[in-house]
Structures are given as structure tokens and as C-alpha cells.
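Structure file run38.pdb; described as PDB, C-alpha atoms, pLDDT in the B column.
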ATOM      1  CA  MET A  16     -70.438 -27.393  19.123  1.00 57.00           C
ATOM      2  CA  HIS A  17     -67.480 -26.404  16.930  1.00 65.00           C
ATOM      3  CA  LYS A  18     -64.747 -24.237  18.429  1.00 74.00           C
ATOM      4  CA  ILE A  19     -63.592 -21.299  16.374  1.00 74.00           C
ATOM      5  CA  GLY A  20     -59.899 -21.728  15.756  1.00 80.00           C
ATOM      6  CA  PHE A  21     -57.146 -19.532  14.379  1.00 84.00           C
ATOM      7  CA  TRP A  22     -57.758 -20.491  10.714  1.00 84.00           C
ATOM      8  CA  ASP A  23     -61.497 -19.926  11.050  1.00 80.00           C
ATOM      9  CA  ILE A  24     -60.815 -16.350  12.200  1.00 85.00           C
ATOM     10  CA  VAL A  25     -58.324 -15.821   9.357  1.00 83.00           C
ATOM     11  CA  LEU A  26     -60.937 -17.009   6.812  1.00 82.00           C
ATOM     12  CA  ILE A  27     -63.615 -14.747   8.313  1.00 85.00           C
ATOM     13  CA  ILE A  28     -61.302 -11.722   8.183  1.00 88.00           C
ATOM     14  CA  ALA A  29     -60.194 -12.545   4.599  1.00 85.00           C
ATOM     15  CA  GLY A  30     -63.846 -12.910   3.550  1.00 82.00           C
ATOM     16  CA  PHE A  31     -64.703  -9.572   5.160  1.00 79.00           C
ATOM     17  CA  ILE A  32     -61.790  -7.835   3.392  1.00 86.00           C
ATOM     18  CA  PHE A  33     -62.849  -9.389   0.078  1.00 79.00           C
ATOM     19  CA  ILE A  34     -66.440  -8.141   0.472  1.00 83.00           C
ATOM     20  CA  VAL A  35     -65.237  -4.617   1.380  1.00 75.00           C
ATOM     21  CA  PHE A  36     -62.928  -4.684  -1.657  1.00 72.00           C
ATOM     22  CA  LEU A  37     -65.793  -5.666  -3.996  1.00 72.00           C
ATOM     23  CA  LEU A  38     -68.075  -2.967  -2.585  1.00 68.00           C
ATOM     24  CA  GLY A  39     -65.324  -0.350  -2.832  1.00 69.00           C
ATOM     25  CA  TYR A  40     -64.480  -1.336  -6.392  1.00 59.00           C
ATOM     26  CA  GLY A  41     -68.122  -1.014  -7.443  1.00 56.00           C
ATOM     27  CA  VAL A  42     -68.463   2.439  -5.892  1.00 47.00           C
ATOM     28  CA  PHE A  43     -65.127   3.608  -7.313  1.00 45.00           C
ATOM     29  CA  SER A  44     -65.807   2.412 -10.847  1.00 44.00           C
ATOM     30  CA  LYS A  45     -69.222   4.088 -10.778  1.00 41.00           C
ATOM     31  CA  SER A  46     -67.757   7.399  -9.578  1.00 39.00           C
ATOM     32  CA  VAL A  47     -65.129   7.295 -12.337  1.00 39.00           C
ATOM     33  CA  GLU A  48     -67.862   6.842 -14.947  1.00 38.00           C
ATOM     34  CA  GLU A  49     -69.890   9.706 -13.461  1.00 38.00           C
ATOM     35  CA  THR A  50     -66.937  12.102 -13.591  1.00 37.00           C
ATOM     36  CA  LYS A  51     -65.799  11.277 -17.103  1.00 40.00           C
ATOM     37  CA  ALA A  52     -65.203  14.568 -18.869  1.00 42.00           C
ATOM     38  CA  THR A  53     -67.343  14.953 -21.930  1.00 43.00           C
ATOM     39  CA  LEU A  54     -68.396  17.914 -23.935  1.00 48.00           C
ATOM     40  CA  PRO A  55     -72.085  18.773 -23.918  1.00 46.00           C
ATOM     41  CA  GLU A  56     -74.218  16.733 -26.280  1.00 47.00           C
ATOM     42  CA  ASN A  57     -75.390  19.863 -28.065  1.00 48.00           C
ATOM     43  CA  PRO A  58     -73.060  20.763 -30.927  1.00 50.00           C
ATOM     44  CA  LEU A  59     -70.804  23.748 -30.415  1.00 51.00           C
ATOM     45  CA  PRO A  60     -71.757  26.948 -32.225  1.00 51.00           C
ATOM     46  CA  ALA A  61     -70.327  27.264 -35.735  1.00 47.00           C
ATOM     47  CA  VAL A  62     -68.223  30.240 -34.612  1.00 50.00           C
ATOM     48  CA  ILE A  63     -66.233  30.011 -31.399  1.00 59.00           C
ATOM     49  CA  GLN A  64     -64.679  33.353 -30.584  1.00 64.00           C
ATOM     50  CA  LYS A  65     -61.069  33.211 -29.425  1.00 64.00           C
ATOM     51  CA  ILE A  66     -60.226  35.528 -26.571  1.00 60.00           C
ATOM     52  CA  GLY A  67     -56.797  37.091 -26.319  1.00 52.00           C
ATOM     53  CA  LYS A  68     -54.836  37.752 -23.158  1.00 50.00           C
ATOM     54  CA  ALA A  69     -56.602  41.089 -22.690  1.00 48.00           C
ATOM     55  CA  GLY A  70     -60.002  39.399 -22.874  1.00 53.00           C
ATOM     56  CA  SER A  71     -62.779  40.708 -25.068  1.00 62.00           C
ATOM     57  CA  PRO A  72     -65.741  43.041 -24.682  1.00 67.00           C
ATOM     58  CA  CYS A  73     -67.819  39.934 -23.888  1.00 80.00           C
ATOM     59  CA  ILE A  74     -65.620  38.113 -21.342  1.00 85.00           C
ATOM     60  CA  ALA A  75     -62.470  38.887 -19.369  1.00 84.00           C
ATOM     61  CA  LEU A  76     -60.596  36.918 -16.700  1.00 86.00           C
ATOM     62  CA  THR A  77     -59.073  38.437 -13.581  1.00 86.00           C
ATOM     63  CA  SER A  78     -57.763  35.078 -12.335  1.00 84.00           C
ATOM     64  CA  PRO A  79     -55.785  33.026 -13.186  1.00 85.00           C
ATOM     65  CA  ASP A  80     -53.035  35.033 -14.876  1.00 82.00           C
ATOM     66  CA  ILE A  81     -53.121  33.325 -18.278  1.00 76.00           C
ATOM     67  CA  GLU A  82     -49.676  34.675 -19.154  1.00 79.00           C
ATOM     68  CA  LYS A  83     -48.259  32.211 -16.603  1.00 86.00           C
ATOM     69  CA  SER A  84     -48.497  28.431 -16.400  1.00 89.00           C
ATOM     70  CA  ILE A  85     -51.669  27.342 -14.580  1.00 88.00           C
ATOM     71  CA  HIS A  86     -51.594  24.766 -11.786  1.00 88.00           C
ATOM     72  CA  PHE A  87     -54.674  22.820 -10.752  1.00 91.00           C
ATOM     73  CA  PRO A  88     -56.986  23.101  -8.982  1.00 92.00           C
ATOM     74  CA  VAL A  89     -57.410  26.674 -10.198  1.00 92.00           C
ATOM     75  CA  THR A  90     -60.064  29.243  -9.372  1.00 92.00           C
ATOM     76  CA  VAL A  91     -61.324  30.992 -12.494  1.00 92.00           C
ATOM     77  CA  VAL A  92     -62.682  34.482 -11.814  1.00 91.00           C
ATOM     78  CA  GLY A  93     -63.923  36.821 -14.501  1.00 89.00           C
ATOM     79  CA  THR A  94     -66.549  39.159 -15.843  1.00 89.00           C
ATOM     80  CA  VAL A  95     -68.983  38.863 -18.736  1.00 89.00           C
ATOM     81  CA  ASN A  96     -70.781  41.778 -20.306  1.00 84.00           C
ATOM     82  CA  GLY A  97     -73.783  41.409 -22.587  1.00 75.00           C
ATOM     83  CA  CYS A  98     -73.072  39.322 -25.700  1.00 78.00           C
ATOM     84  CA  GLY A  99     -75.811  36.790 -24.919  1.00 77.00           C
ATOM     85  CA  TRP A 100     -74.790  36.122 -21.316  1.00 85.00           C
ATOM     86  CA  LYS A 101     -77.940  35.790 -19.212  1.00 86.00           C
ATOM     87  CA  GLU A 102     -78.371  34.516 -15.686  1.00 87.00           C
ATOM     88  CA  GLY A 103     -80.301  31.371 -14.870  1.00 88.00           C
ATOM     89  CA  ASN A 104     -80.430  29.745 -11.425  1.00 88.00           C
ATOM     90  CA  GLY A 105     -77.405  31.724 -10.196  1.00 88.00           C
ATOM     91  CA  SER A 106     -75.260  30.783 -13.193  1.00 89.00           C
ATOM     92  CA  ILE A 107     -74.418  32.495 -16.486  1.00 91.00           C
ATOM     93  CA  GLY A 108     -72.925  29.627 -18.438  1.00 91.00           C
ATOM     94  CA  THR A 109     -70.453  26.772 -18.313  1.00 93.00           C
ATOM     95  CA  MET A 110     -66.716  26.288 -18.646  1.00 93.00           C
ATOM     96  CA  VAL A 111     -64.464  23.294 -19.255  1.00 94.00           C
ATOM     97  CA  ILE A 112     -60.709  22.827 -19.646  1.00 93.00           C
ATOM     98  CA  LEU A 113     -59.608  21.347 -22.990  1.00 92.00           C
ATOM     99  CA  ASP A 114     -56.186  20.032 -23.944  1.00 91.00           C
ATOM    100  CA  ALA A 115     -54.485  21.058 -27.198  1.00 90.00           C
ATOM    101  CA  ASN A 116     -56.325  18.217 -28.975  1.00 88.00           C
ATOM    102  CA  GLY A 117     -59.717  19.627 -27.950  1.00 87.00           C
ATOM    103  CA  GLN A 118     -60.377  16.818 -25.441  1.00 89.00           C
ATOM    104  CA  ALA A 119     -62.069  17.740 -22.158  1.00 91.00           C
ATOM    105  CA  ILE A 120     -59.741  17.144 -19.208  1.00 93.00           C
ATOM    106  CA  SER A 121     -62.076  18.566 -16.554  1.00 94.00           C
ATOM    107  CA  ASN A 122     -65.733  18.307 -15.740  1.00 93.00           C
ATOM    108  CA  ILE A 123     -68.056  20.945 -17.132  1.00 94.00           C
ATOM    109  CA  TYR A 124     -68.457  23.604 -14.438  1.00 94.00           C
ATOM    110  CA  THR A 125     -71.153  26.241 -14.015  1.00 91.00           C
ATOM    111  CA  MET A 126     -70.055  29.864 -13.978  1.00 92.00           C
ATOM    112  CA  ASP A 127     -71.590  30.897 -10.646  1.00 90.00           C
ATOM    113  CA  VAL A 128     -72.637  34.563 -10.408  1.00 91.00           C
ATOM    114  CA  LEU A 129     -70.906  36.552  -7.667  1.00 90.00           C
ATOM    115  CA  THR A 130     -72.211  40.019  -8.539  1.00 90.00           C
ATOM    116  CA  LYS A 131     -74.557  41.545 -11.104  1.00 89.00           C
ATOM    117  CA  GLU A 132     -74.798  45.085 -12.446  1.00 87.00           C
ATOM    118  CA  ALA A 133     -77.207  45.528 -15.371  1.00 83.00           C
ATOM    119  CA  THR A 134     -75.817  43.068 -17.985  1.00 80.00           C
ATOM    120  CA  THR A 135     -72.391  42.702 -16.336  1.00 88.00           C
ATOM    121  CA  TYR A 136     -71.835  39.582 -14.248  1.00 91.00           C
ATOM    122  CA  THR A 137     -68.837  38.539 -12.170  1.00 92.00           C
ATOM    123  CA  PHE A 138     -68.322  34.783 -11.850  1.00 92.00           C
ATOM    124  CA  SER A 139     -66.044  32.397  -9.990  1.00 89.00           C
ATOM    125  CA  LYS A 140     -65.474  28.639  -9.903  1.00 91.00           C
ATOM    126  CA  LYS A 141     -62.733  26.286  -8.704  1.00 92.00           C
ATOM    127  CA  ILE A 142     -61.774  23.792 -11.410  1.00 93.00           C
ATOM    128  CA  TYR A 143     -60.174  20.382 -10.930  1.00 94.00           C
ATOM    129  CA  LEU A 144     -58.760  18.194 -13.684  1.00 92.00           C
ATOM    130  CA  ASN A 145     -60.119  14.694 -14.300  1.00 90.00           C
ATOM    131  CA  HIS A 146     -57.261  13.663 -16.553  1.00 86.00           C
ATOM    132  CA  THR A 147     -53.574  14.479 -16.652  1.00 86.00           C
ATOM    133  CA  PRO A 148     -52.948  16.683 -19.687  1.00 86.00           C
ATOM    134  CA  THR A 149     -50.906  15.068 -22.463  1.00 86.00           C
ATOM    135  CA  THR A 150     -49.890  18.505 -23.734  1.00 87.00           C
ATOM    136  CA  HIS A 151     -48.683  21.692 -22.040  1.00 90.00           C
ATOM    137  CA  GLU A 152     -51.183  23.861 -23.865  1.00 91.00           C
ATOM    138  CA  GLY A 153     -54.932  23.947 -23.921  1.00 91.00           C
ATOM    139  CA  SER A 154     -57.849  26.287 -23.496  1.00 90.00           C
ATOM    140  CA  ILE A 155     -60.804  27.166 -21.355  1.00 91.00           C
ATOM    141  CA  LEU A 156     -64.069  26.827 -23.266  1.00 92.00           C
ATOM    142  CA  PHE A 157     -66.808  29.159 -22.023  1.00 91.00           C
ATOM    143  CA  ARG A 158     -70.432  28.727 -23.179  1.00 90.00           C
ATOM    144  CA  THR A 159     -73.545  30.786 -22.578  1.00 89.00           C
ATOM    145  CA  LEU A 160     -76.496  29.050 -20.918  1.00 88.00           C
ATOM    146  CA  ASP A 161     -78.451  29.005 -24.184  1.00 86.00           C
ATOM    147  CA  LYS A 162     -75.366  27.410 -25.862  1.00 83.00           C
ATOM    148  CA  LYS A 163     -75.580  29.888 -28.751  1.00 83.00           C
ATOM    149  CA  SER A 164     -72.234  31.548 -27.987  1.00 83.00           C
ATOM    150  CA  ALA A 165     -68.870  30.053 -27.082  1.00 86.00           C
ATOM    151  CA  TYR A 166     -65.495  31.547 -26.327  1.00 87.00           C
ATOM    152  CA  THR A 167     -62.068  29.983 -25.849  1.00 86.00           C
ATOM    153  CA  MET A 168     -59.045  31.342 -24.058  1.00 86.00           C
ATOM    154  CA  ALA A 169     -55.612  29.769 -24.617  1.00 87.00           C
ATOM    155  CA  ILE A 170     -53.791  28.591 -21.459  1.00 90.00           C
ATOM    156  CA  THR A 171     -50.639  26.669 -20.573  1.00 90.00           C
ATOM    157  CA  PHE A 172     -50.270  24.126 -17.783  1.00 87.00           C
TER     158      PHE A 172
END

In C-alpha cells, how does this file's structure come out?
Amino acid sequence: MHKIGFWDIVLIIAGFIFIVFLLGYGVFSKSVEETKATLPENPLPAVIQKIGKAGSPCIALTSPDIEKSIHFPVTVVGTVNGCGWKEGNGSIGTMVILDANGQAISNIYTMDVLTKEATTYTFSKKIYLNHTPTTHEGSILFRTLDKKSAYTMAITF
């Protein structure tokens, strides 16, 4: 019977570390692919309404203060009123952070309904970035569930 020596133990431990590394790499690379920020496959509406700092009759933000630089993660809280916003499965639409080049730098997040009064909905969602912005300006793109209406709000980070 062969005795297990010092170098046998070292080889076993090195082999174990190598296997754990390979498994971890496979899981990590898969999770990176799953979280890649992409815009929805459906084309954006021909007209995307730009929202000023005061908001619009259709959508207004109460947080974050868009007159200041935004730091991530950030919780976006706002209200929508009519204008095609309809609830479905506790959500009224989606939002994504875009850089100044129009590239998505966050996942696409649902706008979860907090409260509802007639056609007015309050929403909230915490947003994390997937990519470091290459610019200091960008926008939040909001879309209705039916993807017929879209709104952008300029932000700085």
C-alpha cells in the first residue's frame, strides 16, 4: 500500500483548487452574459418624449434629484399619470440607464407600483449599473408596458 506523502497532498490540494477555479469561472462568465445590458428587442417608438427637470404631465420623478449628480445604486421614485401607462403584474413599465451615446449601462428594470389612484401610479425601483459610464451625462429611458410610449430624462453621474 502506498503512503500518502507531502507532495501527494500538495497535488491533491492544487487539483481541488483548479477544479473550484474552473467551476467558478464557468458560473461567473455565465452570470456576466445574463446581466449584459441590452435594450429591448422591440424597436423604440418613433417619438421619444424628453422630460425636463420639472417632469411632464405623463411622468415626474421625486427621487433622485436630477439637478444633482447621481450616484449608484440609486432608487428611482416617481409618478405616472395616464398617457398610456397601464398596470400589469404589479408593474407599469420599464426603465434603463443610458450613457450619452445611448448605450445601456444598467439592466432593464420594471417600474414596480407602490400606490394607485385612478390612472395615477407611484413607482419605485433601485437601479445598479452594469458598466462604468464613459461619459458624465446620460438619461433614464422609461417605457410603457405596451412599448408604444417612451420618455427620457437627462441625468448626470

Residues in the PyMOL selection byres ((chain A and resi 135) around 12), expressed as an mmCIF file with C-alpha atoms, in the frame of the given file:
data_model
loop_
_atom_site.group_PDB
_atom_site.id
_atom_site.type_symbol
_atom_site.label_atom_id
_atom_site.label_comp_id
_atom_site.auth_asym_id
_atom_site.auth_seq_id
_atom_site.Cartn_x
_atom_site.Cartn_y
_atom_site.Cartn_z
ATOM 1 C CA PRO A 72 -65.741 43.041 -24.682
ATOM 2 C CA CYS A 73 -67.819 39.934 -23.888
ATOM 3 C CA ILE A 74 -65.620 38.113 -21.342
ATOM 4 C CA ALA A 75 -62.470 38.887 -19.369
ATOM 5 C CA GLY A 93 -63.923 36.821 -14.501
ATOM 6 C CA THR A 94 -66.549 39.159 -15.843
ATOM 7 C CA VAL A 95 -68.983 38.863 -18.736
ATOM 8 C CA ASN A 96 -70.781 41.778 -20.306
ATOM 9 C CA GLY A 97 -73.783 41.409 -22.587
ATOM 10 C CA CYS A 98 -73.072 39.322 -25.700
ATOM 11 C CA GLY A 99 -75.811 36.790 -24.919
ATOM 12 C CA TRP A 100 -74.790 36.122 -21.316
ATOM 13 C CA LYS A 101 -77.940 35.790 -19.212
ATOM 14 C CA GLU A 102 -78.371 34.516 -15.686
ATOM 15 C CA ILE A 107 -74.418 32.495 -16.486
ATOM 16 C CA VAL A 128 -72.637 34.563 -10.408
ATOM 17 C CA LEU A 129 -70.906 36.552 -7.667
ATOM 18 C CA THR A 130 -72.211 40.019 -8.539
ATOM 19 C CA LYS A 131 -74.557 41.545 -11.104
ATOM 20 C CA GLU A 132 -74.798 45.085 -12.446
ATOM 21 C CA ALA A 133 -77.207 45.528 -15.371
ATOM 22 C CA THR A 134 -75.817 43.068 -17.985
ATOM 23 C CA TYR A 136 -71.835 39.582 -14.248
ATOM 24 C CA THR A 137 -68.837 38.539 -12.170
ATOM 25 C CA PHE A 138 -68.322 34.783 -11.850
#

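You will find atom CA of Thr147 of chain A at 25.1 Å from atom CA of Asp127 of chain A.
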
*Which residue, A:Thr77, A:Ser154, A:Ser164, A:Ser139, has the smallest gap to Gln118 of chain A when you use all atoms listed in the file?*
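For Gln118 of chain A, the nearest of the given residues is A:Ser154.
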
*When you draw a straight line from atom CA of Thr149 of chain A to atom CA of Leu113 of chain A, how long is it in Å?*
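Rounded to one decimal, the two atoms are 10.7 Å apart.
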
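Residues matched by the PyMOL selection byres ((chain A and resi 121) around 8) in this file are Ala52, Val111, Ile112, Leu113, Ala119, Ile120, Asn122, Ile123, Ile142, Tyr143, Leu144, Asn145 and His146 of chain A.
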